[in-house]
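Some notes on the structure that comes next.
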Amino acid sequence: MQKIVKHFDKVIIGFYIYTLVFPTMRLLLLGSEKFKDWTEFFITASPDIITVLIAVFAVILFWRCKKEERKISWIDWLFVAYYTLTIAWGTYLSQDVFLFASGMRTTYIPMLFYFVGRLLYIVLSKDENGISEVKIERFLSGIFFSFIMLAVVGIIIYFFFPGVQKAIIESSNHIETAYFIVRMTSIVWTPVVFGFIMAITCMYYYYRVLAKGSKLDYLFLSIAWFALTLSVCRGGMIAFLLSFGLITLIIKEWRKAIVCIVLLALISCCISLFMVGSLKMVLWVFSSSTDTMQLGSGITRVSLWQESVRKLAQKPGGYGLGKAGWTAFTYLKNSSDAAPYTTDGWYLKTACETGVYGLIGYIIMTGIYFFTLLKYSWNKKVTFVTVALAMIVIVHFQNMVSNVLDFHPYISVYWLLLGLAQSAVILTKRKEINTNKD
């Protein structure tokens with residue numbers, strides 16, 4: 001048991017590496033068809049099963065920690081209340097075991113990594129002087145370095161083996177998409193999910209540039225932005241730029257920020273000029289995003305939003321777990337008792353699934369986390385909590401145009417960071433109280 005605890009961080013990093021190779025492994029072993037027997041089921045569900053096992057292990061260890069280490073705040077209880085009540089209500093509405101399981105898999109199983117983060121901070125931050133973030137930073141670097149390797153593999157496939165991406169995507173009964181250029185997917189084989197991973201990787205290494213400023217951090221930021229641009233993921237790009245502004249305001253390393261702005265602009269312009277022959281691609285990213293947010297007519301995503309609002313108005317209490325988002329689009333496309341077109345906007349999706357009150361509850365909970373972490377980051381300046389804060393910005397901006405919180409199992413890294421940050425806030429506050437008493 002002690003050996004597992006000692007290497008728990010390495011287990012988590014190994015899990016994320018596994019999730020990155022899983023889509024390719026699954027396609028090679030089973031193809032794109034649904035599972036046909038229990039063996040195929042366990043292979044297909046392996047990331048979800050591992051997620052649950054790690055989370056259960058973390059919860060057990062958390063309760064075995066010393067009382068002063070496992071202090072639970074009212075925010076934790078708010079999280080637990082939201083989690084249990086939403087699932088209970090969504091299950092009652094759905095009344096379908098398969099849809100319930102699909103809804104849990106996409107949204108709620110990854111949320112269990114919040115508890116993993118709460119434990120992991122306690123395990124990694126212990127040293128003879130009390131709380132230390134050195135091991136936390138090393139752990140996060142391990143995760144995001146695996147994402148950099150994902151980008152490198154994507155770049156190699158994109159430029160040297162372009163037929164591989166096309167063949168694998170088409171073998172899974174999908175179409176290789178293009179906006180001016182073919183969109184890079186790396187080995188997750190979907191540009192939107194890949195773009196999200198690259199957006200949070202850009203955010204992490206930009207934080208590292210301002211905090212540390214090593215040449216390697218500049219290089220990794222450049223690689224991640226290069227890959228993000230080639231994915232043509234507009235939501236991810238703009239979400240990262242918003243987090244860029246937030247991190248800059250907190251750490252206030254203005255010279256480094258200017259260098260990064262010039263670096264990222266040069267990369268984007270060079271890609272557009274080389275691949276398209278003009279700056280049209282770069283300009284289109286921002287102009288098309290503006291049209292979407294202004295609810296311009298003739299835009300497919302806007303039409304889907306309008307249809308989803310009509311479905312929500314018909315049943316504001318929600319349709320139930322699995323009756324919105326991609327699960328509904330896949331299995332209930334022609335059903336009147338579902339909201340199948342909520343595939344491009346998580347807020348509408350969760351409102352249609354668990355009702356208006358479910359959405360309001362989530363917004364309140366997230367707002368509390370945001371302002372709690374903002375206060376902590378503003379006072380500490382250079383802290384990994386700033387990464388978690390910036391992650392909130394990226395996830396919830398991109399959530400407006402994509403169902404980012406359903407990008408399982410990758411979205412679990414968001415809940416992991418949130419749990420880590422919450423532990424940092426609680427234990428640092430306790431340490432300050434004890435210091436003042438002394």
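If you're wondering about the labels, chains in the structure tokens are A, B, ... by order shown, residues count from 1 in each chain, ligands from 1 in order shown.
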* To do: Give me the residues within 9 Å of range 261-271 of chain A as a list in words, counting only C-alpha atoms and dropping any in the same chain fewer than 6 places off.
  =>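 Counting only C-alpha atoms, the residues come to Leu221, Ser222, Trp225, Phe226, Thr229, Leu230, Ser278, Leu279, Met281 and Val282 of chain A.
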Write out as an mmCIF file with C-alpha atoms, in the first residue's frame the residues lying within 8 Å of range 248-251 of chain A, counting only C-alpha atoms and excluding same-chain residues fewer than 3 positions away.
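Result went into selection-v8.cif, see below:
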```
data_model
loop_
_atom_site.group_PDB
_atom_site.id
_atom_site.type_symbol
_atom_site.label_atom_id
_atom_site.label_comp_id
_atom_site.auth_asym_id
_atom_site.auth_seq_id
_atom_site.Cartn_x
_atom_site.Cartn_y
_atom_site.Cartn_z
ATOM 1 C CA LEU A 210 6.352 33.604 -16.853
ATOM 2 C CA ALA A 211 7.224 31.648 -13.707
ATOM 3 C CA PHE A 244 -3.061 34.224 -21.463
ATOM 4 C CA GLY A 245 -4.429 37.597 -20.396
ATOM 5 C CA TRP A 254 5.282 42.088 -18.987
ATOM 6 C CA ALA A 257 4.414 38.369 -22.165
ATOM 7 C CA SER A 377 -3.427 33.292 -7.008
ATOM 8 C CA TRP A 378 -3.549 37.079 -6.795
ATOM 9 C CA LYS A 381 1.414 35.284 -7.777
ATOM 10 C CA VAL A 382 3.564 32.309 -8.881
#
```
* To do: Looking only at alpha helix (DSSP H) from DSSP on the backbone, list the matching residues of range 214-330 of chain A as a count of residues only.
  => 92
* To do: List the neighbours of range 307-310 of chain A out to 7 Å using only C-alpha atoms; skip same-chain residues closer than 2 positions along the sequence, and give me the result as a list in words.
  =>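 So, after excluding close chain neighbours, the residues are Ser303, Leu304, Trp305, Leu312, Ala313, Gln314, Ala339, Tyr341, Thr342 and Leu348 of chain A.
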Restrict the selected residues to C-alpha atoms and save them as a tab-separated table (two decimals), in the first residue's frame.
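The file below, part.tsv, is the result:
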```tsv
chain	number	residue	atom	x	y	z
A	303	SER	CA	-29.30	26.80	-35.58
A	304	LEU	CA	-28.59	23.88	-33.25
A	305	TRP	CA	-28.54	26.23	-30.25
A	312	LEU	CA	-35.40	23.19	-23.10
A	313	ALA	CA	-38.49	25.45	-23.10
A	314	GLN	CA	-40.66	22.37	-23.62
A	339	ALA	CA	-32.52	17.02	-26.85
A	341	TYR	CA	-28.82	18.56	-30.95
A	342	THR	CA	-27.05	19.82	-27.82
A	348	LEU	CA	-27.45	23.99	-23.06
```
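With CA of Tyr376 in chain A on one side and CA of Ala390 in chain A on the other, the separation reads 12.9 Å.
Separating CA of Thr386 in chain A from CA of Gly419 in chain A is a distance of 13.1 Å.
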* Asked: For Leu241 in chain A, which residue among A:Thr343, A:Thr327, A:Gln398, A:Asn379 is the nearest when counting only C-alpha atoms?
  ->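 Of A:Thr343, A:Thr327, A:Gln398, A:Asn379, the one nearest Leu241 in chain A, counting only C-alpha atoms, is A:Gln398.
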* **Minimum-distance residue to Phe397 in chain A, chosen among A:Leu242, A:Ala178, A:Leu283, A:Ile258 (using only C-alpha atoms)** =>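 Checking each of A:Leu242, A:Ala178, A:Leu283, A:Ile258 against Phe397 in chain A, counting only C-alpha atoms, the winner is A:Leu242.
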* Just how far from CA of Phe407 in chain A is CA of Asp76 in chain A, in Å to one decimal? ->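 Between CA of Asp76 in chain A and CA of Phe407 in chain A the gap is 23.2 Å.
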* Structure fact -> Judged by only C-alpha atoms, the minimum distance to Tyr410 in chain A among A:Trp346, A:Phe62, A:Tyr357, A:Phe144 is found for A:Phe144
* **Residue with smallest distance to Ile60 in chain A - pool A:Val116, A:Met184, A:Ile200, A:Ala338, counting only C-alpha atoms** =>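 Of A:Val116, A:Met184, A:Ile200, A:Ala338, the one nearest Ile60 in chain A, counting only C-alpha atoms, is A:Val116.
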* List the neighbours of Ile43 in chain A out to 10 Å using only C-alpha atoms; skip same-chain residues closer than 6 positions along the sequence, and give me the result as a ChimeraX atom specification. => /A:22,25-26,29-30,35,49
Would you save the residues from that selection as a CSV table (one decimal), in the first residue's frame, using C-alpha atoms?
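This is the output file out.csv:
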```csv
chain,number,residue,atom,x,y,z
A,22,PHE,CA,-6.2,4.4,-26.3
A,25,MET,CA,-5.3,0.9,-29.7
A,26,ARG,CA,-9.1,0.5,-29.7
A,29,LEU,CA,-8.0,-4.1,-31.8
A,30,LEU,CA,-11.8,-3.7,-32.3
A,35,PHE,CA,-18.3,-4.0,-28.5
A,49,ILE,CA,-12.9,1.7,-15.3
```
